[in-house]
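S.K.: Just passing along the structure, written as C-alpha coordinates.
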Amino acid sequence: MSGSSGALATAVEFFCVATPKVLSGVLQLIINVALLRQLGPAQSGIVFVFLNIIALCDGILGAALDVAVVKLATLPDQGHGALHSLQVQKTAMSLKWLACAGLAAPSILLAQVISSTLFATPRHSPLISVVVLGVAGLLTLRSVQTHFQIGRRFVVYGAADMLHSTLKFGSIAALIWMGTATPARVLWCVAAAPALVTVCYLAGPARSLAVARFTRPAARELLEISKWYVGGAATGTMTSKMDILLVSSLAGSAQAGIYSAAQNLTIPFQLLGQYLSVVFTPRIMPLWKTGRLSKVYWLFQCGALLFCLAGFAAFFAGIGLLIPGVLPATYLPGVAAAKWLLPAALASILNFPWTVPFLMFTHPRFLFVMDAVALVALSAIYYFAIGDFGAVGAAAVTTGYALLKTGIFQSLAFRTMQGPCRP
(Lines give C-alpha, C1' and ligand atoms only; values in the text may rest on other atoms or scores of the structure.)
Protein backbone atom coordinates (compact mmCIF):
# COMPACT_ATOMS: atom_id res chain seq x y z
CA MET A 1 0.00 0.00 0.00
CA SER A 2 1.46 3.39 -0.97
CA GLY A 3 1.91 6.17 1.55
CA SER A 4 -0.95 8.25 0.17
CA SER A 5 -3.39 5.36 -0.04
CA GLY A 6 -2.37 4.20 3.45
CA ALA A 7 -2.97 7.69 4.84
CA LEU A 8 -6.35 7.83 3.09
CA ALA A 9 -7.32 4.44 4.52
CA THR A 10 -6.35 5.60 7.99
CA ALA A 11 -8.38 8.80 7.57
CA VAL A 12 -11.44 6.83 6.44
CA GLU A 13 -11.11 4.38 9.31
CA PHE A 14 -10.69 7.20 11.81
CA PHE A 15 -13.77 8.93 10.40
CA CYS A 16 -15.81 5.72 10.80
CA VAL A 17 -14.67 5.39 14.41
CA ALA A 18 -14.52 9.04 15.40
CA THR A 19 -17.90 10.18 14.03
CA PRO A 20 -20.03 7.96 16.29
CA LYS A 21 -17.61 8.45 19.18
CA VAL A 22 -17.70 12.22 18.86
CA LEU A 23 -21.49 12.12 18.74
CA SER A 24 -21.41 9.79 21.73
CA GLY A 25 -19.08 12.16 23.55
CA VAL A 26 -21.40 15.09 22.88
CA LEU A 27 -24.38 13.07 24.10
CA GLN A 28 -22.45 12.00 27.17
CA LEU A 29 -21.52 15.58 28.03
CA ILE A 30 -25.09 16.84 27.55
CA ILE A 31 -26.68 14.00 29.55
CA ASN A 32 -24.11 14.20 32.32
CA VAL A 33 -24.64 17.94 32.70
CA ALA A 34 -28.41 17.37 32.76
CA LEU A 35 -27.96 14.71 35.45
CA LEU A 36 -25.76 17.02 37.49
CA ARG A 37 -28.44 19.73 37.27
CA GLN A 38 -31.40 17.49 38.11
CA LEU A 39 -29.87 15.27 40.78
CA GLY A 40 -27.67 17.79 42.59
CA PRO A 41 -24.15 17.16 43.93
CA ALA A 42 -24.99 14.41 46.47
CA GLN A 43 -27.17 12.21 44.23
CA SER A 44 -25.09 12.76 41.11
CA GLY A 45 -22.01 11.88 43.14
CA ILE A 46 -23.51 8.44 43.78
CA VAL A 47 -24.15 7.91 40.07
CA PHE A 48 -20.70 8.94 38.94
CA VAL A 49 -18.92 6.97 41.66
CA PHE A 50 -20.65 3.81 40.42
CA LEU A 51 -19.96 4.73 36.79
CA ASN A 52 -16.28 5.04 37.67
CA ILE A 53 -16.40 1.61 39.30
CA ILE A 54 -17.75 0.17 36.03
CA ALA A 55 -14.97 1.94 34.12
CA LEU A 56 -12.44 0.68 36.66
CA CYS A 57 -13.54 -2.93 36.19
CA ASP A 58 -13.53 -2.48 32.41
CA GLY A 59 -9.96 -1.23 32.58
CA ILE A 60 -8.77 -4.04 34.85
CA LEU A 61 -10.69 -7.04 33.51
CA GLY A 62 -11.23 -6.02 29.90
CA ALA A 63 -8.46 -3.79 28.60
CA ALA A 64 -5.62 -6.21 29.35
CA LEU A 65 -7.25 -9.13 27.52
CA ASP A 66 -8.28 -6.92 24.60
CA VAL A 67 -4.71 -5.62 24.23
CA ALA A 68 -3.41 -9.21 24.27
CA VAL A 69 -5.95 -10.22 21.63
CA VAL A 70 -5.02 -7.31 19.36
CA LYS A 71 -1.31 -8.05 19.73
CA LEU A 72 -1.74 -11.74 18.90
CA ALA A 73 -3.92 -10.89 15.91
CA THR A 74 -1.71 -8.14 14.44
CA LEU A 75 1.83 -9.30 15.25
CA PRO A 76 3.59 -10.09 11.96
CA ASP A 77 4.88 -13.54 11.04
CA GLN A 78 2.77 -15.50 13.49
CA GLY A 79 1.57 -17.98 10.92
CA HIS A 80 -1.89 -18.31 12.47
CA GLY A 81 -5.07 -18.24 10.47
CA ALA A 82 -8.47 -16.67 10.92
CA LEU A 83 -9.80 -19.68 12.85
CA HIS A 84 -7.11 -19.37 15.49
CA SER A 85 -7.77 -15.62 15.76
CA LEU A 86 -11.47 -16.27 16.36
CA GLN A 87 -10.69 -18.90 18.97
CA VAL A 88 -8.41 -16.46 20.78
CA GLN A 89 -11.11 -13.79 20.69
CA LYS A 90 -13.82 -16.15 21.94
CA THR A 91 -11.53 -17.46 24.66
CA ALA A 92 -10.77 -13.91 25.82
CA MET A 93 -14.49 -13.14 25.98
CA SER A 94 -15.10 -16.33 27.97
CA LEU A 95 -12.31 -15.45 30.41
CA LYS A 96 -14.02 -12.11 30.97
CA TRP A 97 -17.24 -13.93 31.87
CA LEU A 98 -15.35 -16.12 34.35
CA ALA A 99 -13.78 -13.02 35.89
CA CYS A 100 -17.21 -11.37 36.21
CA ALA A 101 -18.59 -14.47 37.90
CA GLY A 102 -15.68 -14.39 40.32
CA LEU A 103 -16.29 -10.68 40.96
CA ALA A 104 -20.05 -11.00 41.43
CA ALA A 105 -20.18 -13.27 44.48
CA PRO A 106 -17.96 -11.28 46.87
CA SER A 107 -19.32 -7.95 45.60
CA ILE A 108 -22.91 -8.91 46.34
CA LEU A 109 -22.02 -10.50 49.69
CA LEU A 110 -20.09 -7.40 50.74
CA ALA A 111 -22.52 -4.93 49.17
CA GLN A 112 -23.41 -3.22 52.45
CA VAL A 113 -19.75 -2.87 53.38
CA ILE A 114 -18.93 -1.37 49.97
CA SER A 115 -21.84 1.08 50.18
CA SER A 116 -20.90 2.12 53.71
CA THR A 117 -17.27 2.65 52.73
CA LEU A 118 -18.09 4.76 49.68
CA PHE A 119 -21.12 6.70 50.94
CA ALA A 120 -21.15 6.28 54.74
CA THR A 121 -24.48 4.44 54.49
CA PRO A 122 -25.55 0.89 53.47
CA ARG A 123 -28.66 2.25 51.68
CA HIS A 124 -27.09 1.99 48.25
CA SER A 125 -26.03 -1.67 48.55
CA PRO A 126 -28.74 -2.92 46.10
CA LEU A 127 -27.03 -0.94 43.36
CA ILE A 128 -23.94 -3.18 43.58
CA SER A 129 -25.77 -5.95 41.71
CA VAL A 130 -26.72 -3.52 38.94
CA VAL A 131 -23.08 -2.45 38.67
CA VAL A 132 -21.96 -6.07 38.31
CA LEU A 133 -24.43 -6.57 35.46
CA GLY A 134 -23.19 -3.37 33.85
CA VAL A 135 -19.59 -4.59 34.04
CA ALA A 136 -20.45 -7.94 32.42
CA GLY A 137 -22.38 -6.30 29.58
CA LEU A 138 -19.69 -3.70 28.88
CA LEU A 139 -16.86 -6.25 28.91
CA THR A 140 -18.70 -8.43 26.40
CA LEU A 141 -19.45 -5.45 24.16
CA ARG A 142 -15.75 -4.54 24.22
CA SER A 143 -14.90 -8.05 22.99
CA VAL A 144 -17.36 -7.67 20.12
CA GLN A 145 -15.84 -4.32 19.19
CA THR A 146 -12.32 -5.75 19.42
CA HIS A 147 -13.47 -8.39 16.92
CA PHE A 148 -14.45 -5.63 14.49
CA GLN A 149 -11.28 -3.67 15.27
CA ILE A 150 -9.04 -6.61 14.37
CA GLY A 151 -10.95 -7.18 11.14
CA ARG A 152 -10.75 -3.42 10.47
CA ARG A 153 -14.52 -3.38 10.10
CA PHE A 154 -14.71 0.13 11.45
CA VAL A 155 -18.10 0.97 9.95
CA VAL A 156 -19.67 -1.86 11.98
CA TYR A 157 -17.52 -0.92 14.97
CA GLY A 158 -18.82 2.65 14.80
CA ALA A 159 -22.41 1.49 14.37
CA ALA A 160 -22.12 -0.61 17.55
CA ASP A 161 -20.79 2.42 19.40
CA MET A 162 -23.61 4.61 18.13
CA LEU A 163 -26.31 2.07 19.01
CA HIS A 164 -24.89 1.63 22.49
CA SER A 165 -24.76 5.38 23.09
CA THR A 166 -28.24 5.92 21.69
CA LEU A 167 -29.78 3.28 23.94
CA LYS A 168 -27.90 4.35 27.04
CA PHE A 169 -28.15 8.10 26.77
CA GLY A 170 -31.58 8.03 25.12
CA SER A 171 -33.10 6.09 28.02
CA ILE A 172 -31.41 8.36 30.58
CA ALA A 173 -32.64 11.42 28.65
CA ALA A 174 -36.18 10.05 28.86
CA LEU A 175 -35.84 9.76 32.64
CA ILE A 176 -34.55 13.33 32.86
CA TRP A 177 -37.32 14.65 30.60
CA MET A 178 -39.99 12.94 32.76
CA GLY A 179 -38.30 14.16 35.94
CA THR A 180 -37.96 10.60 37.25
CA ALA A 181 -34.19 10.16 37.18
CA THR A 182 -32.71 8.47 40.25
CA PRO A 183 -29.32 6.83 40.75
CA ALA A 184 -30.90 3.36 40.54
CA ARG A 185 -32.82 4.04 37.32
CA VAL A 186 -29.81 5.68 35.66
CA LEU A 187 -27.60 2.71 36.53
CA TRP A 188 -30.17 0.25 35.15
CA CYS A 189 -30.05 2.15 31.84
CA VAL A 190 -26.25 1.96 31.88
CA ALA A 191 -26.33 -1.80 32.56
CA ALA A 192 -29.02 -2.70 30.03
CA ALA A 193 -27.66 -0.83 26.99
CA PRO A 194 -24.43 -2.81 26.37
CA ALA A 195 -26.20 -6.11 27.03
CA LEU A 196 -28.86 -5.40 24.40
CA VAL A 197 -26.32 -4.25 21.80
CA THR A 198 -24.13 -7.31 22.44
CA VAL A 199 -27.02 -9.73 21.95
CA CYS A 200 -27.95 -8.06 18.65
CA TYR A 201 -24.40 -8.13 17.29
CA LEU A 202 -23.54 -11.66 18.40
CA ALA A 203 -26.66 -12.82 16.58
CA GLY A 204 -25.71 -10.83 13.47
CA PRO A 205 -22.43 -9.19 12.34
CA ALA A 206 -20.36 -10.90 15.07
CA ARG A 207 -21.94 -14.33 14.74
CA SER A 208 -18.57 -15.84 13.80
CA LEU A 209 -17.31 -14.77 17.23
CA ALA A 210 -20.38 -16.20 18.94
CA VAL A 211 -19.97 -19.66 17.37
CA ALA A 212 -16.17 -19.82 17.75
CA ARG A 213 -14.82 -22.30 20.28
CA PHE A 214 -13.16 -21.71 23.62
CA THR A 215 -9.88 -23.64 23.58
CA ARG A 216 -7.38 -24.38 26.31
CA PRO A 217 -4.35 -23.65 24.08
CA ALA A 218 -5.79 -20.22 23.31
CA ALA A 219 -6.43 -19.65 27.02
CA ARG A 220 -2.84 -20.57 27.86
CA GLU A 221 -1.56 -18.30 25.10
CA LEU A 222 -3.69 -15.40 26.31
CA LEU A 223 -2.84 -15.86 29.96
CA GLU A 224 0.86 -16.10 29.16
CA ILE A 225 0.93 -12.91 27.11
CA SER A 226 -1.50 -10.94 29.29
CA LYS A 227 -0.20 -11.76 32.78
CA TRP A 228 1.74 -8.48 32.97
CA TYR A 229 -0.94 -6.67 30.96
CA VAL A 230 -3.46 -7.51 33.68
CA GLY A 231 -1.18 -6.21 36.40
CA GLY A 232 -0.32 -3.07 34.44
CA ALA A 233 -3.93 -2.41 33.51
CA ALA A 234 -5.09 -3.02 37.08
CA THR A 235 -2.63 -0.66 38.74
CA GLY A 236 -2.84 1.91 35.92
CA THR A 237 -6.63 1.99 36.00
CA MET A 238 -6.72 2.15 39.77
CA THR A 239 -4.34 5.11 39.88
CA SER A 240 -6.46 6.93 37.30
CA LYS A 241 -9.89 6.07 38.77
CA MET A 242 -9.26 6.04 42.51
CA ASP A 243 -9.60 9.82 42.86
CA ILE A 244 -13.39 10.08 42.76
CA LEU A 245 -13.81 6.97 44.93
CA LEU A 246 -11.58 8.51 47.59
CA VAL A 247 -13.33 11.88 47.30
CA SER A 248 -16.66 10.18 47.99
CA SER A 249 -15.29 8.04 50.81
CA LEU A 250 -13.30 10.81 52.53
CA ALA A 251 -15.27 13.98 51.74
CA GLY A 252 -18.80 12.76 50.98
CA SER A 253 -20.96 12.24 47.90
CA ALA A 254 -21.60 16.00 47.50
CA GLN A 255 -17.88 16.65 47.00
CA ALA A 256 -17.85 13.64 44.64
CA GLY A 257 -20.62 15.31 42.66
CA ILE A 258 -18.61 18.54 42.40
CA TYR A 259 -15.55 16.56 41.34
CA SER A 260 -17.65 14.72 38.75
CA ALA A 261 -18.81 18.04 37.32
CA ALA A 262 -15.19 19.08 36.82
CA GLN A 263 -14.34 15.71 35.27
CA ASN A 264 -17.26 15.84 32.86
CA LEU A 265 -16.26 19.24 31.54
CA THR A 266 -12.69 18.09 30.81
CA ILE A 267 -13.54 14.60 29.59
CA PRO A 268 -13.81 15.49 25.85
CA PHE A 269 -10.00 15.74 25.70
CA GLN A 270 -9.60 12.34 27.34
CA LEU A 271 -12.17 10.76 25.01
CA LEU A 272 -10.36 12.13 21.96
CA GLY A 273 -7.18 10.30 22.95
CA GLN A 274 -9.09 7.06 23.47
CA TYR A 275 -10.91 7.41 20.14
CA LEU A 276 -7.64 7.79 18.26
CA SER A 277 -6.23 4.74 20.02
CA VAL A 278 -8.89 2.48 18.51
CA VAL A 279 -7.56 3.14 14.99
CA PHE A 280 -3.85 3.34 15.78
CA THR A 281 -3.35 0.38 18.15
CA PRO A 282 -3.63 -2.37 15.47
CA ARG A 283 -0.96 -0.54 13.43
CA ILE A 284 1.71 -0.39 16.13
CA MET A 285 3.38 -3.79 15.71
CA PRO A 286 3.35 -3.80 11.87
CA LEU A 287 4.82 -0.26 11.76
CA TRP A 288 7.50 -1.11 14.32
CA LYS A 289 8.36 -4.31 12.47
CA THR A 290 8.99 -2.33 9.26
CA GLY A 291 10.92 0.46 11.01
CA ARG A 292 8.37 3.20 10.32
CA LEU A 293 6.84 3.61 13.76
CA SER A 294 9.26 6.19 15.17
CA LYS A 295 8.67 8.71 12.37
CA VAL A 296 4.89 8.32 12.43
CA TYR A 297 4.87 8.49 16.23
CA TRP A 298 6.82 11.71 16.58
CA LEU A 299 4.96 13.50 13.80
CA PHE A 300 1.74 12.73 15.65
CA GLN A 301 3.16 13.71 19.06
CA CYS A 302 4.33 17.11 17.79
CA GLY A 303 0.90 17.88 16.37
CA ALA A 304 -0.79 16.60 19.53
CA LEU A 305 1.39 18.80 21.74
CA LEU A 306 0.45 21.92 19.76
CA PHE A 307 -3.21 20.96 20.03
CA CYS A 308 -2.86 20.46 23.80
CA LEU A 309 -1.27 23.88 24.28
CA ALA A 310 -4.04 25.57 22.30
CA GLY A 311 -6.72 23.57 24.12
CA PHE A 312 -5.26 24.48 27.50
CA ALA A 313 -5.26 28.21 26.74
CA ALA A 314 -8.83 28.20 25.39
CA PHE A 315 -10.35 26.01 28.11
CA PHE A 316 -8.52 27.69 31.01
CA ALA A 317 -9.77 31.06 29.84
CA GLY A 318 -13.37 29.91 29.42
CA ILE A 319 -13.98 27.51 32.31
CA GLY A 320 -14.80 30.34 34.72
CA LEU A 321 -17.79 31.16 32.51
CA LEU A 322 -18.68 27.58 31.54
CA ILE A 323 -19.61 26.09 34.91
CA PRO A 324 -21.74 29.04 36.12
CA GLY A 325 -23.43 29.04 32.72
CA VAL A 326 -24.53 25.41 32.69
CA LEU A 327 -24.67 24.28 36.33
CA PRO A 328 -26.32 25.56 39.53
CA ALA A 329 -24.35 27.62 42.03
CA THR A 330 -23.77 24.53 44.19
CA TYR A 331 -21.20 23.40 41.61
CA LEU A 332 -19.12 26.60 41.60
CA PRO A 333 -16.26 24.97 43.55
CA GLY A 334 -15.88 22.76 40.46
CA VAL A 335 -14.29 25.67 38.56
CA ALA A 336 -11.04 25.35 40.49
CA ALA A 337 -11.16 21.54 40.29
CA ALA A 338 -11.68 21.67 36.50
CA LYS A 339 -8.69 23.95 36.06
CA TRP A 340 -6.53 21.51 37.98
CA LEU A 341 -7.89 18.49 36.05
CA LEU A 342 -7.38 20.08 32.62
CA PRO A 343 -3.67 19.14 32.18
CA ALA A 344 -4.42 15.53 33.16
CA ALA A 345 -7.17 15.32 30.54
CA LEU A 346 -4.93 16.86 27.87
CA ALA A 347 -2.16 14.40 28.73
CA SER A 348 -4.48 11.65 27.47
CA ILE A 349 -4.07 13.02 23.94
CA LEU A 350 -0.31 12.52 24.22
CA ASN A 351 -0.51 9.12 25.90
CA PHE A 352 -3.46 7.07 24.68
CA PRO A 353 -3.31 7.04 20.87
CA TRP A 354 0.17 5.50 20.56
CA THR A 355 2.23 5.59 23.74
CA VAL A 356 0.19 3.58 26.23
CA PRO A 357 -0.65 0.66 23.88
CA PHE A 358 2.96 0.62 22.62
CA LEU A 359 4.30 0.38 26.17
CA MET A 360 1.67 -2.22 27.04
CA PHE A 361 3.07 -4.30 24.18
CA THR A 362 6.72 -3.73 25.06
CA HIS A 363 7.05 -2.91 28.78
CA PRO A 364 4.01 -4.30 30.64
CA ARG A 365 6.12 -5.28 33.65
CA PHE A 366 7.49 -1.74 34.00
CA LEU A 367 3.98 -0.23 33.82
CA PHE A 368 2.82 -2.60 36.54
CA VAL A 369 5.72 -1.87 38.88
CA MET A 370 5.56 1.89 38.35
CA ASP A 371 1.82 2.16 39.02
CA ALA A 372 1.97 -0.35 41.89
CA VAL A 373 4.54 1.81 43.66
CA ALA A 374 2.58 4.96 42.80
CA LEU A 375 -0.64 3.40 44.10
CA VAL A 376 0.74 3.23 47.63
CA ALA A 377 2.15 6.76 47.52
CA LEU A 378 -0.95 8.24 45.89
CA SER A 379 -3.26 6.71 48.48
CA ALA A 380 -1.45 8.61 51.24
CA ILE A 381 -1.19 11.83 49.23
CA TYR A 382 -4.88 11.74 48.25
CA TYR A 383 -5.82 11.13 51.89
CA PHE A 384 -4.22 14.35 53.08
CA ALA A 385 -5.06 16.42 49.98
CA ILE A 386 -8.75 15.49 50.04
CA GLY A 387 -8.92 15.93 53.81
CA ASP A 388 -7.58 19.48 53.54
CA PHE A 389 -8.93 20.67 50.16
CA GLY A 390 -11.70 18.27 49.09
CA ALA A 391 -12.32 17.94 45.35
CA VAL A 392 -9.69 20.57 44.47
CA GLY A 393 -7.02 18.67 46.38
CA ALA A 394 -7.87 15.45 44.55
CA ALA A 395 -7.70 17.25 41.19
CA ALA A 396 -4.24 18.67 41.96
CA VAL A 397 -2.88 15.23 42.89
CA THR A 398 -4.44 13.64 39.80
CA THR A 399 -2.82 16.14 37.46
CA GLY A 400 0.54 15.98 39.22
CA TYR A 401 0.79 12.24 38.73
CA ALA A 402 -0.59 12.41 35.18
CA LEU A 403 2.13 14.86 34.13
CA LEU A 404 4.87 12.84 35.84
CA LYS A 405 3.67 9.68 34.13
CA THR A 406 3.45 11.41 30.75
CA GLY A 407 7.09 12.47 30.94
CA ILE A 408 8.21 8.96 31.88
CA PHE A 409 6.08 7.37 29.15
CA GLN A 410 7.36 9.61 26.38
CA SER A 411 10.99 9.06 27.36
CA LEU A 412 10.61 5.29 27.57
CA ALA A 413 8.72 5.10 24.26
CA PHE A 414 11.40 7.14 22.50
CA ARG A 415 14.21 4.90 23.75
CA THR A 416 12.35 1.70 22.93
CA MET A 417 11.49 2.73 19.36
CA GLN A 418 15.17 3.21 18.59
CA GLY A 419 15.75 -0.52 19.04
CA PRO A 420 14.59 -3.54 17.03
CA CYS A 421 11.03 -4.84 17.11
CA ARG A 422 10.62 -7.21 20.06
CA PRO A 423 7.39 -9.23 19.79
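Chain identifiers are assigned as A, B, and so on, following the order in which chains appear in the C-alpha coordinates; residues are numbered from 1 within each chain, and ligands are numbered from 1 in order of appearance.
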Just want the 10 Å neighbourhood of A:Gly257, counted on only C-alpha atoms, with same-chain residues fewer than 2 positions away dropped. Output as a ChimeraX atom specification.

M.R.: /A:36,39-49,244,247-248,252-255,259-263,330-331,334,391

S.K.: What's the 7 Å shell around stretch 180-189 of chain A, counting only C-alpha atoms, without same-chain residues fewer than 3 positions away, as a list of chain:residue names?

M.R.: A:Gln43, A:Ile46, A:Val47, A:Leu127, A:Val130, A:Lys168, A:Ser171, A:Ile172, A:Leu175, A:Ile176, A:Ala192, A:Ala193

S.K.: For A:Thr121, which of A:Thr146, A:Thr399, A:Ser249, A:Gln87 is the closest residue, counting only C-alpha atoms?

M.R.: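 Among A:Thr146, A:Thr399, A:Ser249, A:Gln87, it is A:Ser249 that comes nearest to A:Thr121.
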
S.K.: For stretch 290-299 of chain A, find every residue with an atom within 9 Å (counting only C-alpha atoms), except residues of its own chain fewer than 5 positions away, and show them as a count of residues only.

M.R.: 11

S.K.: Find the residues around A:Val132 up to 9 Å (only C-alpha atoms counted), leave out those fewer than 4 positions away in its own chain, and share them as a PyMOL selection string.

M.R.: chain A and resi 54+100+103-104+107-108+127-128+136-137+191

S.K.: Give me the residues near A:Gly318 as an mmCIF file with N, CA and C atoms, in the first residue's frame, where near means some atom within 12 Å (using only C-alpha atoms) and where sequence neighbours in that chain fewer than 4 positions away do not count.

M.R.:
data_model
loop_
_atom_site.group_PDB
_atom_site.id
_atom_site.type_symbol
_atom_site.label_atom_id
_atom_site.label_comp_id
_atom_site.auth_asym_id
_atom_site.auth_seq_id
_atom_site.Cartn_x
_atom_site.Cartn_y
_atom_site.Cartn_z
ATOM 1 N N LEU A 265 -16.544 18.115 32.413
ATOM 2 C CA LEU A 265 -16.255 19.243 31.537
ATOM 3 C C LEU A 265 -14.882 19.131 30.881
ATOM 4 N N THR A 266 -14.004 18.301 31.427
ATOM 5 C CA THR A 266 -12.692 18.094 30.808
ATOM 6 C C THR A 266 -12.604 16.776 30.053
ATOM 7 N N GLY A 311 -5.552 23.969 23.331
ATOM 8 C CA GLY A 311 -6.716 23.572 24.117
ATOM 9 C C GLY A 311 -6.635 24.057 25.555
ATOM 10 N N PHE A 312 -5.430 24.017 26.124
ATOM 11 C CA PHE A 312 -5.258 24.485 27.501
ATOM 12 C C PHE A 312 -5.579 25.975 27.612
ATOM 13 N N ALA A 313 -5.047 26.757 26.685
ATOM 14 C CA ALA A 313 -5.258 28.205 26.739
ATOM 15 C C ALA A 313 -6.747 28.548 26.599
ATOM 16 N N ALA A 314 -7.418 27.895 25.638
ATOM 17 C CA ALA A 314 -8.829 28.203 25.393
ATOM 18 C C ALA A 314 -9.709 27.765 26.557
ATOM 19 N N LEU A 322 -17.969 28.782 31.967
ATOM 20 C CA LEU A 322 -18.682 27.583 31.541
ATOM 21 C C LEU A 322 -19.507 26.976 32.667
ATOM 22 N N ILE A 323 -18.885 26.746 33.817
ATOM 23 C CA ILE A 323 -19.607 26.089 34.910
ATOM 24 C C ILE A 323 -20.771 26.948 35.415
ATOM 25 N N PRO A 324 -20.572 28.246 35.693
ATOM 26 C CA PRO A 324 -21.739 29.041 36.118
ATOM 27 C C PRO A 324 -22.824 29.117 35.046
ATOM 28 N N GLY A 325 -22.437 28.936 33.787
ATOM 29 C CA GLY A 325 -23.428 29.042 32.723
ATOM 30 C C GLY A 325 -24.287 27.804 32.551
ATOM 31 N N VAL A 335 -15.119 24.865 39.469
ATOM 32 C CA VAL A 335 -14.292 25.670 38.562
ATOM 33 C C VAL A 335 -12.820 25.439 38.853
ATOM 34 N N ALA A 338 -11.808 21.872 37.944
ATOM 35 C CA ALA A 338 -11.683 21.665 36.498
ATOM 36 C C ALA A 338 -10.375 22.229 35.970
ATOM 37 N N LYS A 339 -9.961 23.373 36.496
ATOM 38 C CA LYS A 339 -8.686 23.950 36.065
ATOM 39 C C LYS A 339 -7.519 23.037 36.419
ATOM 40 N N LEU A 342 -7.578 19.861 34.054
ATOM 41 C CA LEU A 342 -7.379 20.075 32.616
ATOM 42 C C LEU A 342 -6.066 19.493 32.095
#

S.K.: Near A:Ala111, counting only C-alpha atoms, which residues have an atom at most 10 Å away, once you skip same-chain residues fewer than 5 positions from it, shown as a VMD selection string?

M.R.: chain A and resid 105 to 106 116 to 117 122 to 129

S.K.: How far is it from atom CA of A:Thr237 to atom CA of A:Ile408, in Å with one decimal?

M.R.: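 Straight-line distance from atom CA of A:Thr237 to atom CA of A:Ile408 works out to 16.9 Å.
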
S.K.: So that I can check the surroundings of A:Lys90, please list as a VMD selection string every protein, DNA and RNA residue that reaches within 8 Å of it, counting only C-alpha atoms and ignoring chain neighbours fewer than 2 positions away.

M.R.: chain A and resid 86 to 88 92 to 94 209 to 210 212 to 214

S.K.: How would you write, as a PyMOL selection string, the set of residues in stretch 203-252 of chain A that DSSP gives as alpha helix (DSSP H)?

M.R.: chain A and resi 207-211+216-251

S.K.: Ranking A:Pro286, A:Gly232, A:Pro205, A:Gly25 by minimum distance to A:Arg153 and counting only C-alpha atoms, which one comes first?

M.R.: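 Smallest distance to A:Arg153 is found for A:Pro205.
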
S.K.: Which residue gives the smallest distance to A:Gly204 among A:Ala344, A:Ala160, A:Leu167, A:Leu246, with only C-alpha atoms counted?

M.R.: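 Checking each of A:Ala344, A:Ala160, A:Leu167, A:Leu246 against A:Gly204, counting only C-alpha atoms, the winner is A:Ala160.
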
S.K.: Please determine, counting only C-alpha atoms, which residue among A:Ala120, A:Ala395, A:Ala310, A:Gln145 has the shortest atom-to-atom distance to A:Leu202.

M.R.: A:Gln145

S.K.: Give the answer as one residue: which of A:Val397, A:Ala159, A:Val33, A:Leu332 has the shortest atom-to-atom distance to A:Cys200, using only C-alpha atoms?

M.R.: A:Ala159

S.K.: Out of A:Gly62, A:Gly179, A:Pro217, A:Gly320, which residue has the shortest atom-to-atom distance to A:His84 when counting only C-alpha atoms?

M.R.: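 Closest to A:His84 of all the choices is A:Pro217.
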
S.K.: Please, what distance in Å, to one decimal, runs between atom CA of A:Ala385 and atom CA of A:Ala337?

M.R.: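 Result for atom CA of A:Ala385 versus atom CA of A:Ala337: 12.5 Å, one decimal.
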
S.K.: Just to confirm, what's the straight-line distance from atom CA of A:Ile319 to atom CA of A:Ser348 in Å (one decimal)?

M.R.: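 It comes out at 19.1 Å.
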